[in-house]
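K.L.:
If it helps, the file is called query22.cif and holds mmCIF, C-alpha atoms:
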```cif
data_coords
#
loop_
_atom_site.group_PDB
_atom_site.id
_atom_site.type_symbol
_atom_site.label_atom_id
_atom_site.label_comp_id
_atom_site.auth_asym_id
_atom_site.auth_seq_id
_atom_site.Cartn_x
_atom_site.Cartn_y
_atom_site.Cartn_z
ATOM 1 C CA MET U 1 -5.200 -35.532 0.687
ATOM 2 C CA THR U 2 -7.642 -36.350 -2.071
ATOM 3 C CA SER U 3 -8.561 -39.184 -4.409
ATOM 4 C CA CYS U 4 -10.944 -37.247 -6.642
ATOM 5 C CA THR U 5 -10.356 -36.435 -10.288
ATOM 6 C CA ALA U 6 -8.853 -32.968 -10.392
ATOM 7 C CA THR U 7 -7.572 -30.767 -13.205
ATOM 8 C CA ALA U 8 -5.383 -28.705 -10.874
ATOM 9 C CA PRO U 9 -2.713 -28.080 -9.693
ATOM 10 C CA ILE U 10 -0.411 -28.219 -12.701
ATOM 11 C CA ASP U 11 3.272 -27.752 -13.385
ATOM 12 C CA LEU U 12 4.028 -24.174 -14.368
ATOM 13 C CA PRO U 13 6.683 -23.943 -17.092
ATOM 14 C CA THR U 14 8.552 -20.853 -15.944
ATOM 15 C CA SER U 15 10.897 -21.234 -18.914
ATOM 16 C CA GLY U 16 9.525 -21.558 -22.383
ATOM 17 C CA SER U 17 6.841 -19.919 -24.472
ATOM 18 C CA VAL U 18 3.293 -19.522 -23.179
ATOM 19 C CA ASN U 19 0.452 -17.774 -24.958
ATOM 20 C CA PRO U 20 -0.104 -14.249 -23.590
ATOM 21 C CA ILE U 21 -3.384 -13.081 -22.110
ATOM 22 C CA SER U 22 -4.646 -9.517 -22.208
ATOM 23 C CA GLY U 23 -6.937 -7.980 -19.636
ATOM 24 C CA THR U 24 -7.073 -6.371 -16.227
ATOM 25 C CA PHE U 25 -6.504 -7.993 -12.851
ATOM 26 C CA ILE U 26 -7.266 -5.693 -9.920
ATOM 27 C CA CYS U 27 -6.270 -7.353 -6.655
ATOM 28 C CA VAL U 28 -6.823 -4.873 -3.826
ATOM 29 C CA TYR U 29 -7.825 -6.471 -0.529
ATOM 30 C CA ASP U 30 -9.435 -4.768 2.438
ATOM 31 C CA PRO U 31 -6.467 -4.516 4.841
ATOM 32 C CA ASP U 32 -8.798 -5.428 7.723
ATOM 33 C CA MET U 33 -10.391 -8.488 6.137
ATOM 34 C CA CYS U 34 -8.357 -10.850 8.364
ATOM 35 C CA SER U 35 -8.550 -8.699 11.466
ATOM 36 C CA GLY U 36 -8.931 -10.843 14.590
ATOM 37 C CA ALA U 37 -8.559 -14.082 12.639
ATOM 38 C CA SER U 38 -6.961 -17.274 13.909
ATOM 39 C CA VAL U 39 -4.857 -19.809 12.061
ATOM 40 C CA THR U 40 -6.112 -23.402 12.034
ATOM 41 C CA VAL U 41 -4.269 -26.623 11.282
ATOM 42 C CA SER U 42 -6.434 -29.090 9.366
ATOM 43 C CA ASP U 43 -7.216 -32.436 10.971
ATOM 44 C CA ASP U 44 -4.935 -34.270 8.540
ATOM 45 C CA ARG U 45 -2.228 -31.607 9.033
ATOM 46 C CA SER U 46 -2.119 -31.028 5.271
ATOM 47 C CA HIS U 47 -2.558 -27.246 5.415
ATOM 48 C CA LEU U 48 -3.145 -24.092 7.435
ATOM 49 C CA SER U 49 -6.373 -22.164 7.056
ATOM 50 C CA ILE U 50 -7.245 -18.546 7.870
ATOM 51 C CA LYS U 51 -10.860 -17.565 7.390
ATOM 52 C CA CYS U 52 -10.966 -14.024 6.038
ATOM 53 C CA GLY U 53 -14.651 -13.488 5.573
ATOM 54 C CA GLY U 54 -14.584 -9.746 6.280
ATOM 55 C CA GLY U 55 -13.456 -8.748 2.815
ATOM 56 C CA SER U 56 -16.594 -6.970 1.650
ATOM 57 C CA LYS U 57 -14.493 -3.869 0.934
ATOM 58 C CA SER U 58 -11.996 -5.812 -1.146
ATOM 59 C CA ASN U 59 -11.826 -4.913 -4.816
ATOM 60 C CA ILE U 60 -11.060 -8.067 -6.780
ATOM 61 C CA SER U 61 -11.722 -7.842 -10.500
ATOM 62 C CA PHE U 62 -10.326 -10.653 -12.618
ATOM 63 C CA TYR U 63 -10.775 -10.046 -16.330
ATOM 64 C CA GLY U 64 -14.143 -8.390 -15.989
ATOM 65 C CA LYS U 65 -15.561 -10.555 -13.181
ATOM 66 C CA THR U 66 -15.708 -9.635 -9.499
ATOM 67 C CA TYR U 67 -14.751 -11.942 -6.642
ATOM 68 C CA ALA U 68 -14.811 -11.974 -2.842
ATOM 69 C CA PRO U 69 -11.996 -13.541 -0.760
ATOM 70 C CA SER U 70 -13.144 -16.223 1.679
ATOM 71 C CA GLU U 71 -10.118 -18.223 2.874
ATOM 72 C CA ILE U 72 -6.338 -18.271 2.862
ATOM 73 C CA ARG U 73 -4.689 -21.692 2.736
ATOM 74 C CA ILE U 74 -1.003 -22.485 3.176
ATOM 75 C CA TYR U 75 0.460 -25.786 1.992
ATOM 76 C CA ALA U 76 3.983 -27.077 2.608
ATOM 77 C CA PRO U 77 5.437 -28.111 0.250
ATOM 78 C CA SER U 78 3.686 -26.261 -2.569
ATOM 79 C CA LEU U 79 0.854 -27.839 -4.559
ATOM 80 C CA HIS U 80 1.968 -26.382 -7.868
ATOM 81 C CA THR U 81 5.360 -27.281 -9.229
ATOM 82 C CA TYR U 82 7.581 -24.873 -11.113
ATOM 83 C CA ASN U 83 9.504 -26.505 -13.933
ATOM 84 C CA GLY U 84 8.922 -29.770 -12.104
ATOM 85 C CA SER U 85 10.073 -28.608 -8.653
ATOM 86 C CA HIS U 86 8.103 -27.766 -5.515
ATOM 87 C CA THR U 87 8.775 -24.681 -3.432
ATOM 88 C CA ASP U 88 8.880 -24.795 0.376
ATOM 89 C CA ALA U 89 5.253 -23.698 0.666
ATOM 90 C CA GLU U 90 2.409 -22.063 -1.207
ATOM 91 C CA ILE U 91 -0.261 -19.525 -0.298
ATOM 92 C CA MET U 92 -3.644 -20.018 -1.937
ATOM 93 C CA ILE U 93 -6.232 -17.263 -1.535
ATOM 94 C CA VAL U 94 -9.634 -18.709 -2.387
ATOM 95 C CA HIS U 95 -12.378 -16.451 -3.774
ATOM 96 C CA THR U 96 -16.063 -16.958 -4.464
ATOM 97 C CA PRO U 97 -18.019 -15.108 -7.177
ATOM 98 C CA GLY U 98 -18.880 -11.577 -6.093
ATOM 99 C CA SER U 99 -22.415 -10.267 -5.824
ATOM 100 C CA GLY U 100 -23.789 -9.572 -9.281
ATOM 101 C CA SER U 101 -20.623 -10.844 -10.966
ATOM 102 C CA GLY U 102 -22.559 -12.949 -13.443
ATOM 103 C CA THR U 103 -20.280 -15.980 -13.052
ATOM 104 C CA THR U 104 -20.336 -19.277 -11.202
ATOM 105 C CA GLU U 105 -16.570 -19.846 -11.336
ATOM 106 C CA GLY U 106 -14.346 -19.106 -8.392
ATOM 107 C CA LEU U 107 -10.836 -17.674 -8.317
ATOM 108 C CA ILE U 108 -7.678 -18.949 -6.621
ATOM 109 C CA VAL U 109 -4.652 -16.684 -6.320
ATOM 110 C CA SER U 110 -1.521 -18.764 -5.799
ATOM 111 C CA VAL U 111 1.819 -17.449 -4.492
ATOM 112 C CA PRO U 112 4.905 -19.653 -3.904
ATOM 113 C CA VAL U 113 6.848 -19.310 -0.660
ATOM 114 C CA LYS U 114 10.518 -19.733 0.127
ATOM 115 C CA MET U 115 11.183 -20.317 3.828
ATOM 116 C CA GLY U 116 14.135 -19.073 5.855
ATOM 117 C CA GLY U 117 14.024 -15.445 4.797
ATOM 118 C CA GLY U 118 15.295 -14.063 8.096
ATOM 119 C CA SER U 119 15.074 -10.296 8.391
ATOM 120 C CA SER U 120 13.907 -9.997 4.772
ATOM 121 C CA ALA U 121 10.915 -12.285 5.348
ATOM 122 C CA ASN U 122 7.361 -11.163 4.688
ATOM 123 C CA THR U 123 6.073 -9.946 8.058
ATOM 124 C CA ASP U 124 2.429 -10.912 7.492
ATOM 125 C CA LEU U 125 3.334 -14.454 6.490
ATOM 126 C CA SER U 126 5.877 -14.815 9.292
ATOM 127 C CA VAL U 127 3.366 -13.922 12.017
ATOM 128 C CA ILE U 128 0.975 -16.556 10.658
ATOM 129 C CA ILE U 129 3.747 -19.156 10.777
ATOM 130 C CA LYS U 130 4.741 -18.077 14.276
ATOM 131 C CA ALA U 131 1.158 -18.416 15.522
ATOM 132 C CA ALA U 132 0.746 -21.802 13.838
ATOM 133 C CA ASN U 133 3.921 -23.100 15.458
ATOM 134 C CA THR U 134 2.390 -22.561 18.895
ATOM 135 C CA ILE U 135 -0.062 -25.383 18.130
ATOM 136 C CA ASN U 136 0.975 -28.750 19.533
ATOM 137 C CA PRO U 137 0.982 -31.259 16.629
ATOM 138 C CA LYS U 138 0.115 -34.047 19.101
ATOM 139 C CA ALA U 139 -2.979 -32.240 20.325
ATOM 140 C CA ILE U 140 -4.398 -30.758 17.121
ATOM 141 C CA SER U 141 -7.716 -32.517 17.642
ATOM 142 C CA LEU U 142 -8.074 -30.733 20.985
ATOM 143 C CA GLN U 143 -6.681 -27.326 20.029
ATOM 144 C CA PRO U 144 -6.324 -26.899 16.262
ATOM 145 C CA SER U 145 -6.299 -23.080 16.208
ATOM 146 C CA ALA U 146 -4.210 -20.224 17.537
ATOM 147 C CA PRO U 147 -4.796 -16.453 17.449
ATOM 148 C CA ILE U 148 -2.519 -14.553 15.102
ATOM 149 C CA ASN U 149 -2.509 -11.367 17.235
ATOM 150 C CA TYR U 150 -1.581 -9.264 14.220
ATOM 151 C CA ASP U 151 -3.624 -7.459 11.566
ATOM 152 C CA VAL U 152 -2.565 -9.548 8.582
ATOM 153 C CA ASN U 153 -2.760 -7.542 5.361
ATOM 154 C CA ALA U 154 -3.233 -9.941 2.447
ATOM 155 C CA ASN U 155 -2.171 -7.218 0.009
ATOM 156 C CA ASN U 156 1.409 -7.891 1.090
ATOM 157 C CA PHE U 157 1.253 -11.414 -0.342
ATOM 158 C CA ILE U 158 0.647 -10.320 -3.935
ATOM 159 C CA PRO U 159 3.734 -9.756 -6.131
ATOM 160 C CA ALA U 160 3.541 -6.981 -8.704
ATOM 161 C CA LYS U 161 4.835 -9.480 -11.260
ATOM 162 C CA PRO U 162 3.403 -11.346 -14.268
ATOM 163 C CA TYR U 163 1.425 -14.501 -13.463
ATOM 164 C CA TYR U 164 -0.010 -17.573 -15.182
ATOM 165 C CA VAL U 165 -3.726 -17.999 -15.822
ATOM 166 C CA TYR U 166 -5.492 -21.293 -16.295
ATOM 167 C CA TYR U 167 -8.801 -23.040 -15.667
ATOM 168 C CA GLY U 168 -9.344 -26.042 -13.398
ATOM 169 C CA THR U 169 -11.115 -27.656 -10.467
ATOM 170 C CA LEU U 170 -10.335 -27.367 -6.783
ATOM 171 C CA PRO U 171 -7.167 -29.334 -6.038
ATOM 172 C CA TYR U 172 -8.477 -30.647 -2.703
ATOM 173 C CA ASP U 173 -11.575 -31.984 -0.927
ATOM 174 C CA SER U 174 -14.117 -33.124 -3.531
ATOM 175 C CA CYS U 175 -12.354 -31.334 -6.400
ATOM 176 C CA GLY U 176 -15.705 -29.675 -7.011
ATOM 177 C CA GLY U 177 -16.462 -26.459 -8.807
ATOM 178 C CA ASN U 178 -14.571 -24.639 -11.507
ATOM 179 C CA TYR U 179 -11.929 -22.048 -10.764
ATOM 180 C CA TYR U 180 -9.702 -19.638 -12.554
ATOM 181 C CA TYR U 181 -6.143 -19.651 -11.270
ATOM 182 C CA ALA U 182 -3.858 -16.634 -11.072
ATOM 183 C CA ALA U 183 -0.593 -18.415 -10.276
ATOM 184 C CA PHE U 184 2.544 -16.433 -9.557
ATOM 185 C CA THR U 185 5.981 -17.974 -9.867
ATOM 186 C CA ASP U 186 8.004 -15.301 -8.009
ATOM 187 C CA PRO U 187 8.173 -16.511 -4.381
ATOM 188 C CA ILE U 188 7.772 -14.395 -1.294
ATOM 189 C CA SER U 189 9.871 -15.135 1.765
ATOM 190 C CA GLY U 190 8.744 -16.534 5.112
ATOM 191 C CA ALA U 191 10.580 -16.916 8.414
ATOM 192 C CA GLY U 192 10.558 -20.084 10.448
ATOM 193 C CA SER U 193 9.567 -23.639 9.571
ATOM 194 C CA LEU U 194 6.265 -25.470 9.133
ATOM 195 C CA SER U 195 7.703 -28.981 9.199
ATOM 196 C CA ALA U 196 6.656 -29.588 12.818
ATOM 197 C CA ILE U 197 2.946 -29.142 12.201
ATOM 198 C CA LEU U 198 2.336 -29.867 8.511
ATOM 199 C CA VAL U 199 2.765 -33.030 6.465
ATOM 200 C CA ASP U 200 2.838 -33.468 2.708
ATOM 201 C CA SER U 201 -0.693 -33.065 1.390
ATOM 202 C CA GLY U 202 -0.224 -35.860 -1.118
ATOM 203 C CA ILE U 203 -1.811 -33.686 -3.805
ATOM 204 C CA ALA U 204 0.081 -34.257 -7.039
ATOM 205 C CA THR U 205 0.179 -32.112 -10.137
ATOM 206 C CA VAL U 206 -1.874 -33.199 -13.134
ATOM 207 C CA GLN U 207 -1.342 -32.988 -16.848
ATOM 208 C CA GLN U 208 -2.640 -29.973 -18.665
ATOM 209 C CA SER U 209 -5.633 -30.446 -20.924
ATOM 210 C CA ILE U 210 -7.127 -28.387 -23.701
ATOM 211 C CA LYS U 211 -9.561 -26.939 -21.166
ATOM 212 C CA THR U 212 -6.676 -25.806 -18.953
ATOM 213 C CA ASN U 213 -5.821 -23.136 -21.553
ATOM 214 C CA LEU U 214 -2.601 -22.026 -19.837
ATOM 215 C CA GLN U 215 -1.708 -18.402 -20.561
ATOM 216 C CA LYS U 216 0.590 -15.776 -19.090
ATOM 217 C CA SER U 217 -0.018 -12.103 -18.347
ATOM 218 C CA LYS U 218 2.221 -9.446 -19.819
ATOM 219 C CA THR U 219 2.237 -7.330 -16.669
ATOM 220 C CA GLY U 220 1.534 -7.686 -12.963
ATOM 221 C CA PRO U 221 -1.829 -6.975 -11.330
ATOM 222 C CA THR U 222 -2.922 -3.755 -9.707
ATOM 223 C CA THR U 223 -2.142 -4.503 -6.072
ATOM 224 C CA GLY U 224 -3.296 -2.923 -2.824
ATOM 225 C CA VAL U 225 0.138 -2.346 -1.323
ATOM 226 C CA GLY U 226 0.149 1.217 0.096
ATOM 227 C CA SER U 227 -3.261 2.066 -1.306
ATOM 228 C CA GLN U 228 -5.085 2.158 2.036
ATOM 229 C CA ALA U 229 -2.624 4.661 3.471
ATOM 230 C CA SER U 230 -3.477 7.043 0.651
ATOM 231 C CA VAL U 231 -7.203 6.639 1.316
ATOM 232 C CA ASP U 232 -6.755 7.226 5.052
ATOM 233 C CA GLU U 233 -4.653 10.319 4.451
ATOM 234 C CA TYR U 234 -7.351 11.702 2.169
ATOM 235 C CA VAL U 235 -10.101 11.099 4.728
ATOM 236 C CA LEU U 236 -8.091 12.745 7.500
ATOM 237 C CA TYR U 237 -7.314 15.697 5.280
ATOM 238 C CA GLU U 238 -10.958 16.117 4.306
ATOM 239 C CA VAL U 239 -12.182 16.075 7.913
ATOM 240 C CA ALA U 240 -9.464 18.422 9.155
ATOM 241 C CA GLY U 241 -9.738 20.851 6.240
ATOM 242 C CA GLY U 242 -13.507 21.178 6.156
ATOM 243 C CA GLU U 243 -13.327 23.012 2.838
ATOM 244 C CA ASP U 244 -14.541 22.220 -0.660
ATOM 245 C CA CYS U 245 -11.595 23.629 -2.541
ATOM 246 C CA ASP U 246 -10.111 20.995 -4.857
ATOM 247 C CA ASP U 247 -9.583 18.388 -2.128
ATOM 248 C CA ASP U 248 -9.341 15.599 -4.690
ATOM 249 C CA ALA U 249 -6.382 17.107 -6.479
ATOM 250 C CA LYS U 250 -4.565 17.625 -3.179
ATOM 251 C CA ALA U 251 -5.269 14.087 -1.979
ATOM 252 C CA ASP U 252 -4.145 12.507 -5.254
ATOM 253 C CA ASP U 253 -0.646 13.927 -5.018
ATOM 254 C CA ASP U 254 0.412 14.209 -1.366
ATOM 255 C CA ASP U 255 4.128 14.320 -2.048
ATOM 256 C CA ASP U 256 3.848 17.086 -4.629
ATOM 257 C CA SER U 257 1.563 19.046 -2.313
ATOM 258 C CA THR U 258 4.044 18.733 0.539
ATOM 259 C CA ASN U 259 6.904 19.866 -1.655
ATOM 260 C CA SER U 260 4.835 22.736 -3.035
ATOM 261 C CA ALA U 261 3.831 23.828 0.459
ATOM 262 C CA SER U 262 7.479 23.845 1.534
ATOM 263 C CA ALA U 263 8.467 25.869 -1.503
ATOM 264 C CA ILE U 264 5.655 28.360 -0.963
ATOM 265 C CA GLY U 265 6.575 28.664 2.713
ATOM 266 C CA ALA U 266 10.193 29.383 1.861
ATOM 267 C CA GLN U 267 9.117 31.899 -0.766
ATOM 268 C CA ASN U 268 6.835 33.702 1.708
ATOM 269 C CA ILE U 269 9.663 33.930 4.250
ATOM 270 C CA GLY U 270 11.898 35.481 1.622
ATOM 271 C CA ILE U 271 9.233 38.003 0.632
ATOM 272 C CA ASN U 272 8.618 38.931 4.264
ATOM 273 C CA ILE U 273 12.328 39.587 4.788
ATOM 274 C CA LEU U 274 12.440 41.830 1.716
ATOM 275 C CA TRP U 275 9.395 43.759 2.940
ATOM 276 C CA GLY U 276 11.070 44.155 6.335
ATOM 277 C CA PHE U 277 14.158 45.653 4.754
ATOM 278 C CA ALA U 278 12.052 47.965 2.598
ATOM 279 C CA ILE U 279 10.013 49.240 5.545
ATOM 280 C CA ALA U 280 13.175 49.758 7.622
ATOM 281 C CA ALA U 281 14.753 51.707 4.746
ATOM 282 C CA ILE U 282 11.686 53.938 4.430
ATOM 283 C CA ILE U 283 11.649 54.641 8.164
ATOM 284 C CA LEU U 284 15.387 55.402 8.087
ATOM 285 C CA PHE U 285 14.915 57.726 5.093
ATOM 286 C CA ILE U 286 12.077 59.636 6.805
ATOM 287 C CA TRP U 287 14.133 59.956 9.972
ATOM 288 C CA TYR U 288 17.091 61.185 7.935
ATOM 289 C CA MET U 289 14.986 63.803 6.139
ATOM 290 C CA PHE U 290 13.625 65.144 9.434
ATOM 291 C CA TRP U 291 17.090 65.175 10.930
ATOM 292 C CA ARG U 292 18.496 66.909 7.899
ATOM 293 C CA SER U 293 15.776 69.609 7.929
ATOM 294 C CA GLY U 294 16.439 70.385 11.599
ATOM 295 C CA ALA U 295 20.201 70.508 11.152
ATOM 296 C CA THR U 296 19.934 72.811 8.137
ATOM 297 C CA ALA U 297 17.803 75.262 10.091
ATOM 298 C CA VAL U 298 20.317 75.392 12.942
ATOM 299 C CA VAL U 299 23.267 75.966 10.585
ATOM 300 C CA ALA U 300 21.409 78.716 8.726
ATOM 301 C CA ALA U 301 20.599 80.461 11.960
ATOM 302 C CA ALA U 302 24.211 80.326 13.100
ATOM 303 C CA ALA U 303 25.564 81.690 9.821
ATOM 304 C CA SER U 304 23.213 84.742 9.606
ATOM 305 C CA PRO U 305 24.740 88.122 10.926
ATOM 306 C CA ILE U 306 22.965 89.815 13.790
ATOM 307 C CA VAL U 307 21.755 93.202 12.567
ATOM 308 C CA PRO U 308 21.263 95.681 15.398
ATOM 309 C CA PRO U 309 18.096 97.718 15.288
ATOM 310 C CA ALA U 310 18.357 101.145 13.609
ATOM 311 C CA PRO U 311 18.733 104.094 16.040
ATOM 312 C CA SER U 312 15.679 106.209 16.592
ATOM 313 C CA ALA U 313 15.703 109.684 14.921
ATOM 314 C CA PRO U 314 16.252 112.560 17.411
ATOM 315 C CA PRO U 315 13.226 114.579 18.172
ATOM 316 C CA MET U 316 12.885 117.780 16.162
ATOM 317 C CA ASP U 317 12.928 121.159 17.980
ATOM 318 C CA ALA U 318 9.755 122.964 17.999
#
```
When written as structure tokens, how does the structure in this file appear?

P.N.:
Amino acid sequence: MTSCTATAPIDLPTSGSVNPISGTFICVYDPDMCSGASVTVSDDRSHLSIKCGGGSKSNISFYGKTYAPSEIRIYAPSLHTYNGSHTDAEIMIVHTPGSGSGTTEGLIVSVPVKMGGGSSANTDLSVIIKAANTINPKAISLQPSAPINYDVNANNFIPAKPYYVYYGTLPYDSCGGNYYYAAFTDPISGAGSLSAILVDSGIATVQQSIKTNLQKSKTGPTTGVGSQASVDEYVLYEVAGGEDCDDDAKADDDDDSTNSASAIGAQNIGINILWGFAIAAIILFIWYMFWRSGATAVVAAAASPIVPPAPSAPPMDA
């Protein structure tokens, strides 16, 4: 809850015309940045917090500026509204300016959440909710945190969908600092309920101003879903291969390489079979020629008449 003068959150008009924005948003988190983290319920029960300070390997580039993730917050209901309506919850990934980024503004990536997803629910979000629900709401002051016991991958929170961009303050605490917002309107799904531990934050949306400069991207960001697996496969291949022969090309297209290897293997088997037949035919031909030569000699010998030796001339009388 806050009483400061904020310029965020706002209502996002998911229907209607919004000025487009052009640029590149690369949102690829280190899959291990939340490894070993716990989920904490705030003292006023307004939100959940997961400190993800191990994101030094994350690659966050928002329209030419770099950022480092520092915290994931979850509010229920959402802080932003969408055509005037809240969603069940909202994930806010807070970023600070990256080293050498040349900016003092922060970045908040906002993703709406729809609860009750069942088997289709986002696994990473659901394990956070499950851990949070082990906290006793009557004893939060004594035990506000719980281990997640799962390697939460924040990449799985980011939709590959267009998003809204605007400029504003923090929506909570002292409303200090200036932040860019990358606010998605396509919700992800979560399993369970947060109603037992969280209360309404009391943070209301505010009217847009000229400084808000609301815009919408034409495409989704570059996300990190599946990217780490490709990197790991490349590293394993490089170590196992130990050769310098075009490793990059092989690593960049694993599926094509696998298919090519299968095709080459099948082709080699076919060639080997043909060679086997050819060698067998040659051996059979040589055997046949030897057999034929021997048989011809025997037949010729049997067909030739036996000529007796000529009688000796009688001795002449002296």

K.L.:
So the first atom is CA of Ala139 in chain U and the second is CA of Ser189 in chain U; what is the distance between them in Å, to one decimal place?

P.N.:
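CA of Ser189 in chain U lies at a distance of 28.3 Å from CA of Ala139 in chain U.
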
K.L.:
Starting from the shown file, work through the PyMOL selection byres ((chain U and resi 215) around 6) and note down what comes out as a PyMOL selection string.

P.N.:
chain U and resi 18-21+164-165+214+216

K.L.:
Measuring between only C-alpha atoms, which one of U:Ser120, U:Ser145, U:Thr169, U:Asn156 shows the shortest distance to Leu48 in chain U?

P.N.:
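Of the candidates, the smallest distance to Leu48 in chain U is held by U:Ser145.
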
K.L.:
Figure out the distance between CA of Asn153 in chain U and CA of Gly168 in chain U, please, to one decimal in Å.

P.N.:
27.2 Å

K.L.:
Between CA of Ser70 in chain U and CA of Gly220 in chain U, what distance in Å does the model show, to one decimal?

P.N.:
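Calculated distance between CA of Ser70 in chain U and CA of Gly220 in chain U is 22.4 Å.
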
K.L.:
For the provided coordinates, the residues matched by the PyMOL selection byres ((chain U and resi 199) around 6) should be stated as a PyMOL selection string.

P.N.:
chain U and resi 45-46+198+200

K.L.:
Once the PyMOL selection byres ((chain U and resi 190) around 12) has been evaluated on this model, what residues remain selected, and can you format them as a ChimeraX atom specification?

P.N.:
/U:74,76,87-91,111-130,157,187-189,191-194

K.L.:
From the list U:Leu142, U:Leu79, U:Leu170, U:Ala281, which residue is nearest Asp43 in chain U when using all atoms listed in the file?

P.N.:
U:Leu142

K.L.:
Using all atoms listed in the file, can you tell me which of U:Pro97, U:Pro31, U:Pro171, U:Pro162 comes closest to Thr219 in chain U?

P.N.:
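Of all the options, U:Pro162 lies closest to Thr219 in chain U.
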
K.L.:
Which is closest to Ser78 in chain U among U:Ala280, U:Val41, U:Leu12, U:Cys52, if we use all atoms listed in the file?

P.N.:
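The closest residue to Ser78 in chain U is U:Leu12.
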
K.L.:
Smallest atom-to-atom distance to Ile158 in chain U: which of U:Thr185, U:Ser99, U:Ser35, U:Thr104, using only C-alpha atoms?

P.N.:
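Looking at the shortest contact to Ile158 in chain U, the residue is U:Thr185.
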
K.L.:
Could you tell me which of U:Met289, U:Ile135, U:Tyr172, U:Pro9 comes closest to Ser110 in chain U if we count all atoms listed in the file?

P.N.:
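Ranked by minimum distance to Ser110 in chain U, first place goes to U:Pro9.
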
K.L.:
Residues within 10 Å of (-18.0, -15.4, -6.1), file coordinates, counting all atoms listed in the file: what are they? Give the list as a list in words.

P.N.:
Lys65, Thr66, Tyr67, Ala68, Pro69, Ser70, Val94, His95, Thr96, Pro97, Gly98, Ser99, Gly100, Ser101, Gly102, Thr103, Thr104, Glu105, Gly106 and Leu107 of chain U

K.L.:
Using all atoms listed in the file, which protein or nucleic acid residues come within 6 Å of Ser49 in chain U? Drop anything in the same chain fewer than 4 positions from it, and give the result as a list in words.

P.N.:
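Contacts, with the query itself left out: Val39, Thr40, Ile72 and Arg73 of chain U.
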